[in-house]
Every structure is written in C-alpha cells, then in structure tokens.
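The block underneath contains the structure these notes are about, expressed in structure tokens.
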Amino acid sequence: NITLFAAGMTHSQRSGISNMTLPKVAIIGRPNVGKSTLFNRLTRTRHALVADVPGVTRDRREGKADIGGLECIVFDTAGLEEAEEFSLQARMTAQTLAALADAQVILLVVDARSGILPVDRHFAQLVRASCKPVILVINKAEGKRGADLSADAYTLGFDNLVGISAEHGDGIGDLLDALIAALPNDDEETFVKKKRKKRTKTITPIEDIPEEEQTAPIGITVVGRPNVGKSTFLNQLLKEDRLLTGPEAGITRDSIAVDFDYKGQALRLVDTAGMRKKSRVMPNRLEVMAVNDTRRAIQFAQVAVLMLDATQALEKQDLQIAGMLAEEGRACVLALNKWDLVPHDEKQALMNEVLFQIDKIMPMFKGISVVPLSANQGKHIDKVIDACLEAFKIWNSRVSTGALNRWLEDALSRHTPPQVSGRRLKIKFMTQAKTRPPTFAVFVNVKDGIPETYQRYMINSLRETFHLPGVPIRLLVRRGKNPYEDK
C-alpha cells in the first residue's frame, strides 16, 4: 500500500539520537537478489545473515556506512512480495515500506542471473511513487551478465543504473560514486574537514576517558527462548512496530540493533533470535546461523535482559542461556513476561518460587532484579530498563583496595581458610583488577589456589558487603612470589 509512505516519525526521530542527522539509504528488492550481501559490503561487516535461500531477512536492519568519507545509515530489508493481508509476508513487506519512508536514497536491487521479472516492475513502480532518488543496482553481474541486462533494466524507468557483484566486490566503486552524488551533502569545505578529521582520529582506551565524556550508548540485549515476547517488549518500549512480531515462533532471525533515548540516556537495544535446546535446533544452516548471531550479540552486550515466559518460568534452556551470560560476564535482569496470564492468586507463589530457584540454581546471579511485566499490554516496560541501568552501574562499580582488605581480614576471621595439599592456606592481599564484571585479584601462598567452596564463600560475602547483586563476580587467584623458593 503506497499510503504507508506517509508513516509517522520513527524512533530515531523521536529520541534525538545522533543517527537521526545522518542520511539514510534503503536497500530493497524481491527475495534472494543479494540485498543482505550488499548491506554487509557497504557497512564492512558480516552482521546480516546471508544464505542461498529466499526469505532469510525478515526484520529491517540498520548499520552505519562510510561512503567516501560521508557517513550514512544503510537499511537492509526483507524481500518485497505480494502477500495476503495480516500474513507474515505482509508484515515483512510493511517493515520494508517503513524503511522506504525513512530513507533519502533507495537502492533497488535486481538479479542479473534471473533477469527482470514482473514483480521487479511492480515494485519499481512502487519506488517511483516515493519521489526519492533511486539507484538501480544490477547484482550478480559478473562477466557480461550486467551488460546483457542493461537494455531490459532501463525499461524500469530509472536512468541511474550500476552493475555490481556484491559477493565479489565488482563495481562497488561505481556504486559508491553514484551514492555520493545522490546523498545529501554539506558544502565542500565541511566535507574536506570531515575527511581530514577521519585521517587524524586516534583511538583512546575507554578506561582513560573521563566519565562525563563517555557518551557511547549502553548496550542492552534481550535474549530468551523463542516466542517469549522479546520483540513485542522492544516494540512497546519504542512505541512503534519497529520489529517483526506475530504468533509464529521463531520469527526473529537476525540480531537487530536499535538506538533509543531513555530519560536522557542513550541506549542500544538489541533484539535476538530465540534460542532453543540443542536437541531441538533444526539441522539447517539458517537456524544455526541465527543462534550464532545471538551468541555474538551476547558477546558484545553490556546488560542482558533474560526474558522468561511466566507461564513456563525457568526451564532448563533458560538456565543454559543464563550460564552463557555468566560465562561472558554480562550484567543481567530477569524479565517475567506474560504476567497478565498468571492467575492473581498464584502470582506471589510463582514469584517466591522463581526467587528460590535463582538462589538455588543460578548462584552467579544471586540477588538479580526480577521484573514481572506484560509486553502485550505494555505494563512495567520502563521498570525493566530502570533495572538494567542499575545493573549497569553495579557492573561498573569499583571497590577501593583499603576497603577490600578490611573486608578480607574480617572474612578470614569469621571462616578460616582450609588447608590445601597439607599446607595452611594464607590469603595475603586482595585488590580489584578490573570492572565489567567486577574482578578481584587474590594473592595466596600455595600454587593450588583457593578451593572452590571457599571461593563461593568469598564471592557471596563480597556480593553482600559491597552490594553487588545480579552481576557475575570473578576471582583471579595469584600466587605470591616466595623469595626462598630457589634456596
């Protein structure tokens, strides 16, 4: 429906994020013409999932690209298809049309191998209705394919035509030149200053940047089993249908990042594909790629929202995902979605059971914030983000060496360390090695280190004394040098 071009303001326009000021480029076309491959080429990443089957991309993904020194936002979109109203394909097409409404330049991609199809002509007419600059991209144009298709491609009504091979990089230079000419640009002096600044930019470690200058968005990744409401939760927070949702399980495949401003704090929200038990993962490349993409999103997250279904809370797969978050050292918040489906007289008993299970089988996240919510009704959405910001502060907290060693003296007096290999264990000194997550270096006198049971005692005491709930705590055991070892 062409009237979808009149869609309202997007989340980036409402939030005031800096990406709002960058020009936007939408890559569109029918399925399996190489849109995601081109997206990866332009953004110089491998974020978009690519497979030799149609319909891999469902949500619209955005990424930042540098086009000859000019920065822009690139949208990867689902393939345009004729579909019945309210079907999954129709919802995917609506996401693509939303990207078209937000873009200043459109890349209409066709396939040189299959030629111009009737569906290409239909959507070429749709793109012309947007009255925006259009570059017709003939992909998979290795060898003479592009030249053979050029005459037919001009019948689509666009005079700006470029033949490329997104997979091999052929013709990308010509495409970049066409984009530079089409993108809105500043005056020449400002453009030269941008390029000079890019050449002289240096990278400073984040630890050396003053706190008030650390303006990077906080990364919050939403993870969980399929169909627990991850995308619905983020749509409610953004107050728009930014992510594809529906009753079908496993709709999300790509990990989609969205910038958002929450009460003046810049956030980068990441929606991920649901993670099923290994035994239930279908033996096809697509699902394996989706799970691997979720794992990568966890690795680059700062805070994770582990979304649970309140009607099936804390199943074995939830614990597997929690273990993955702890292994990566991420701060975590537990979100009990579909709380509205729990009978009122059972809610308190369910919450008590969840808290008991956390203490029993999730000791690495002892004291974690548990927030009941209803993503479908939009209830308590803000409480989850508030808990994430609090968890982020704890994740970054630092304890002074003096306070640590005063605590250590008291902890040792309350519970004497056990013997190790027949020798008395002496814990001499302790300091915080780093944050994110809080990591403490402990110096001892024996090479076998500290028994695991005593380490658990120390971690629980650290968590309670210095208020470190809901984040993994790590101990690095170091053996002090013995000056008489060689004598």
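Order determines the names: the first chain of the structure tokens is A, the second B, and so forth; residues in each chain are numbered 1 upward, and ligands are numbered 1 upward as they are shown.
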
message: Give me the residues near stretch 324-327 of chain A as an MDAnalysis selection string, where near means some atom within 8 Å (using only C-alpha atoms) and where sequence neighbours in that chain fewer than 2 positions away do not count.
response: chainID A and resid 298 304 320:322 329:332 364:365 471:472

Keeping only C-alpha atoms, take the residues you just selected and write them out as an mmCIF file, in the first residue's frame.
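Below is the file that was written, out_6.cif:
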```cif
data_model
loop_
_atom_site.group_PDB
_atom_site.id
_atom_site.type_symbol
_atom_site.label_atom_id
_atom_site.label_comp_id
_atom_site.auth_asym_id
_atom_site.auth_seq_id
_atom_site.Cartn_x
_atom_site.Cartn_y
_atom_site.Cartn_z
ATOM 1 C CA ILE A 298 25.635 -11.569 23.857
ATOM 2 C CA ALA A 304 21.287 -8.655 29.109
ATOM 3 C CA GLN A 320 21.589 -22.676 29.788
ATOM 4 C CA ILE A 321 21.217 -19.104 28.492
ATOM 5 C CA ALA A 322 21.905 -17.700 31.978
ATOM 6 C CA GLY A 329 30.462 -11.736 32.340
ATOM 7 C CA ARG A 330 27.359 -9.726 31.480
ATOM 8 C CA ALA A 331 25.116 -7.882 33.902
ATOM 9 C CA CYS A 332 21.640 -9.378 33.811
ATOM 10 C CA MET A 364 26.222 -16.497 39.667
ATOM 11 C CA PHE A 365 23.297 -14.023 39.523
ATOM 12 C CA VAL A 471 26.289 -9.458 38.241
ATOM 13 C CA PRO A 472 28.940 -12.167 37.902
#
```

- request: Could you give me, as JSON, numbers by chain, each residue of stretch 281-317 of chain A that DSSP assigns to strand (DSSP E) when run on this structure's backbone?
  value: {"A": [303, 304, 305, 306, 307, 308, 309]}

Those same residues - C-alpha atoms - I'd like them written as a PDB file, in the first residue's frame.
```pdb
ATOM      1  CA  VAL A 303      23.487  -5.696  30.060  1.00  0.00           C
ATOM      2  CA  ALA A 304      21.287  -8.655  29.109  1.00  0.00           C
ATOM      3  CA  VAL A 305      17.555  -8.950  29.697  1.00  0.00           C
ATOM      4  CA  LEU A 306      16.781 -12.647  30.089  1.00  0.00           C
ATOM      5  CA  MET A 307      13.139 -12.819  29.035  1.00  0.00           C
ATOM      6  CA  LEU A 308      11.102 -15.632  30.572  1.00  0.00           C
ATOM      7  CA  ASP A 309       7.572 -16.842  29.936  1.00  0.00           C
TER       8      ASP A 309
END
```

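In this comparison, which uses only C-alpha atoms, the residue of A:Ser255, A:Ser397, A:Thr96, A:Thr272 approaching A:Pro226 most closely is A:Thr272.
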
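Each of A:Arg121, A:Arg276, A:Lys64, A:Lys366 was checked against A:Asp318 using only C-alpha atoms; the smallest atom-to-atom distance is that of A:Arg276.
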
- request: Pick out the residues sitting within 12 Å of A:Glu452, and hand them over as a ChimeraX atom specification; count only C-alpha atoms, and ignore anything fewer than 6 positions along from it in its own chain.
  value: /A:417-418,420,458-459,475,477

- request: One decimal, Å: what's the distance from atom CA of A:Arg406 over to atom CA of A:Ile394, could you say?
  value: 20.6 Å

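All residues of protein, DNA or RNA that reach within 12 Å of A:Asp386, judged by only C-alpha atoms and not counting those fewer than 4 positions away in the chain, are A:Ile220, A:Tyr262, A:Lys263, A:Gln265, A:Leu267, A:Val303, A:Val305, A:Val333, A:Ala335, A:Ser369, A:Val370, A:Val371, A:His380, A:Ile381, A:Asp382, A:Glu390, A:Ala391, A:Phe392, A:Lys393.
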
Could you write those residues out with all heavy atoms, as a compact mmCIF listing (two decimals), in the first residue's frame?
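Listing of again-v9.txt after writing:
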```
# COMPACT_ATOMS: atom_id res chain seq x y z
N ILE A 220 22.03 -2.97 25.56
CA ILE A 220 21.10 -3.85 26.27
C ILE A 220 20.58 -4.88 25.26
O ILE A 220 19.92 -4.52 24.29
CB ILE A 220 19.93 -3.08 26.89
CG1 ILE A 220 20.45 -2.05 27.91
CG2 ILE A 220 18.93 -4.03 27.54
CD1 ILE A 220 19.36 -1.19 28.53
N TYR A 262 16.43 7.03 26.42
CA TYR A 262 15.56 6.75 27.56
C TYR A 262 15.91 7.69 28.71
O TYR A 262 16.97 7.58 29.32
CB TYR A 262 15.72 5.29 28.00
CG TYR A 262 14.87 4.90 29.18
CD1 TYR A 262 13.51 4.66 29.03
CD2 TYR A 262 15.42 4.78 30.46
CE1 TYR A 262 12.72 4.30 30.11
CE2 TYR A 262 14.65 4.42 31.54
CZ TYR A 262 13.29 4.19 31.37
OH TYR A 262 12.52 3.84 32.44
N LYS A 263 15.04 8.64 28.94
CA LYS A 263 15.23 9.62 30.03
C LYS A 263 16.59 10.29 29.95
O LYS A 263 17.28 10.49 30.96
CB LYS A 263 15.05 8.94 31.39
CG LYS A 263 13.67 8.33 31.60
CD LYS A 263 13.55 7.64 32.96
CE LYS A 263 12.19 7.00 33.16
NZ LYS A 263 12.08 6.30 34.47
N GLN A 265 19.30 9.07 28.58
CA GLN A 265 20.40 8.11 28.47
C GLN A 265 20.32 7.40 27.12
O GLN A 265 19.30 6.80 26.78
CB GLN A 265 20.33 7.09 29.60
CG GLN A 265 21.32 5.94 29.49
CD GLN A 265 22.76 6.40 29.55
OE1 GLN A 265 23.19 7.01 30.52
NE2 GLN A 265 23.51 6.11 28.49
N LEU A 267 20.72 4.51 24.61
CA LEU A 267 20.74 3.06 24.70
C LEU A 267 20.86 2.46 23.30
O LEU A 267 20.41 3.06 22.33
CB LEU A 267 19.45 2.52 25.35
CG LEU A 267 19.06 3.04 26.72
CD1 LEU A 267 17.73 2.43 27.15
CD2 LEU A 267 20.14 2.72 27.75
N VAL A 303 24.53 -5.19 29.18
CA VAL A 303 23.49 -5.70 30.06
C VAL A 303 22.59 -6.60 29.23
O VAL A 303 22.26 -6.29 28.08
CB VAL A 303 22.66 -4.56 30.67
CG1 VAL A 303 21.61 -5.11 31.64
CG2 VAL A 303 23.55 -3.55 31.38
N VAL A 305 18.88 -8.69 29.14
CA VAL A 305 17.55 -8.95 29.70
C VAL A 305 17.21 -10.39 29.33
O VAL A 305 17.01 -10.71 28.16
CB VAL A 305 16.49 -7.99 29.14
CG1 VAL A 305 15.12 -8.36 29.68
CG2 VAL A 305 16.83 -6.55 29.50
N VAL A 333 19.29 -8.86 33.95
CA VAL A 333 18.00 -8.58 34.56
C VAL A 333 17.05 -9.67 34.09
O VAL A 333 17.03 -10.02 32.91
CB VAL A 333 17.47 -7.19 34.18
CG1 VAL A 333 16.02 -7.01 34.63
CG2 VAL A 333 18.35 -6.10 34.77
N ALA A 335 13.33 -10.80 33.28
CA ALA A 335 12.02 -10.23 32.97
C ALA A 335 11.00 -11.36 32.84
O ALA A 335 11.15 -12.23 31.97
CB ALA A 335 12.09 -9.43 31.67
N SER A 369 17.72 -8.64 39.76
CA SER A 369 16.40 -8.00 39.71
C SER A 369 15.45 -8.85 38.87
O SER A 369 15.79 -9.23 37.75
CB SER A 369 16.52 -6.60 39.10
OG SER A 369 17.29 -5.75 39.91
N VAL A 370 14.28 -9.14 39.42
CA VAL A 370 13.24 -9.89 38.71
C VAL A 370 12.06 -8.96 38.53
O VAL A 370 11.47 -8.50 39.51
CB VAL A 370 12.83 -11.16 39.49
CG1 VAL A 370 11.77 -11.93 38.71
CG2 VAL A 370 14.04 -12.03 39.77
N VAL A 371 11.71 -8.67 37.27
CA VAL A 371 10.65 -7.71 36.98
C VAL A 371 9.51 -8.41 36.25
O VAL A 371 9.68 -8.87 35.12
CB VAL A 371 11.17 -6.55 36.09
CG1 VAL A 371 10.07 -5.52 35.88
CG2 VAL A 371 12.40 -5.91 36.73
N HIS A 380 4.73 -2.20 32.94
CA HIS A 380 6.02 -2.33 33.63
C HIS A 380 7.20 -2.44 32.65
O HIS A 380 8.25 -2.98 33.01
CB HIS A 380 6.02 -3.53 34.58
CG HIS A 380 4.90 -3.52 35.57
ND1 HIS A 380 4.64 -2.44 36.38
CD2 HIS A 380 3.97 -4.46 35.88
CE1 HIS A 380 3.60 -2.71 37.15
NE2 HIS A 380 3.17 -3.93 36.87
N ILE A 381 7.06 -1.91 31.45
CA ILE A 381 8.15 -1.92 30.48
C ILE A 381 9.32 -1.07 31.00
O ILE A 381 10.48 -1.47 30.95
CB ILE A 381 7.68 -1.40 29.12
CG1 ILE A 381 6.54 -2.27 28.57
CG2 ILE A 381 8.83 -1.34 28.13
CD1 ILE A 381 6.94 -3.67 28.23
N ASP A 382 9.00 0.13 31.51
CA ASP A 382 10.05 1.04 31.98
C ASP A 382 10.80 0.45 33.16
O ASP A 382 12.00 0.74 33.33
CB ASP A 382 9.45 2.39 32.38
CG ASP A 382 8.98 3.19 31.17
OD1 ASP A 382 9.23 2.72 30.04
OD2 ASP A 382 8.37 4.25 31.35
N GLU A 390 20.44 0.21 36.57
CA GLU A 390 21.00 -0.05 37.89
C GLU A 390 22.03 -1.17 37.82
O GLU A 390 23.10 -1.10 38.44
CB GLU A 390 19.88 -0.39 38.87
CG GLU A 390 20.35 -0.67 40.29
CD GLU A 390 21.02 0.53 40.94
OE1 GLU A 390 20.70 1.68 40.55
OE2 GLU A 390 21.89 0.31 41.81
N ALA A 391 21.71 -2.23 37.06
CA ALA A 391 22.65 -3.33 36.90
C ALA A 391 23.92 -2.87 36.20
O ALA A 391 25.03 -3.35 36.51
CB ALA A 391 22.00 -4.47 36.11
N PHE A 392 23.79 -1.95 35.26
CA PHE A 392 24.96 -1.42 34.56
C PHE A 392 25.89 -0.68 35.52
O PHE A 392 27.12 -0.79 35.44
CB PHE A 392 24.50 -0.49 33.44
CG PHE A 392 25.63 0.11 32.64
CD1 PHE A 392 26.30 -0.64 31.69
CD2 PHE A 392 26.00 1.43 32.84
CE1 PHE A 392 27.34 -0.08 30.95
CE2 PHE A 392 27.03 2.00 32.11
CZ PHE A 392 27.70 1.24 31.16
N LYS A 393 25.31 0.09 36.45
CA LYS A 393 26.12 0.80 37.45
C LYS A 393 26.88 -0.20 38.33
O LYS A 393 28.06 -0.01 38.62
CB LYS A 393 25.23 1.70 38.32
CG LYS A 393 24.65 2.89 37.59
CD LYS A 393 23.77 3.72 38.52
CE LYS A 393 23.14 4.89 37.79
NZ LYS A 393 22.24 5.68 38.68
```

- request: Pick out each residue of stretch 231-412 of chain A that DSSP on the backbone tags as alpha helix (DSSP H); I need them as number ranges by chain.
  value: A: 231-238, 285-299, 316-328, 347-361, 381-395, 401-412

- request: May I ask for the distance between atom CA of A:Lys230 and atom CA of A:Ala375, given in Å to one decimal place?
  value: 8.3 Å

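Residue nearest A:Ala181, chosen from A:Met275, A:Ala94, A:Val228, A:Leu70 and counting only C-alpha atoms: A:Leu70.
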
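When only C-alpha atoms are used to compute distances to A:Gly115, the closest of the residues A:Val223, A:Val33, A:Val25, A:Leu179 turns out to be A:Val33.
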
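Distances to A:Arg41 were evaluated for A:Ile172, A:Ala101, A:Met362, A:Val162 using only C-alpha atoms, and the minimum falls at A:Ile172.
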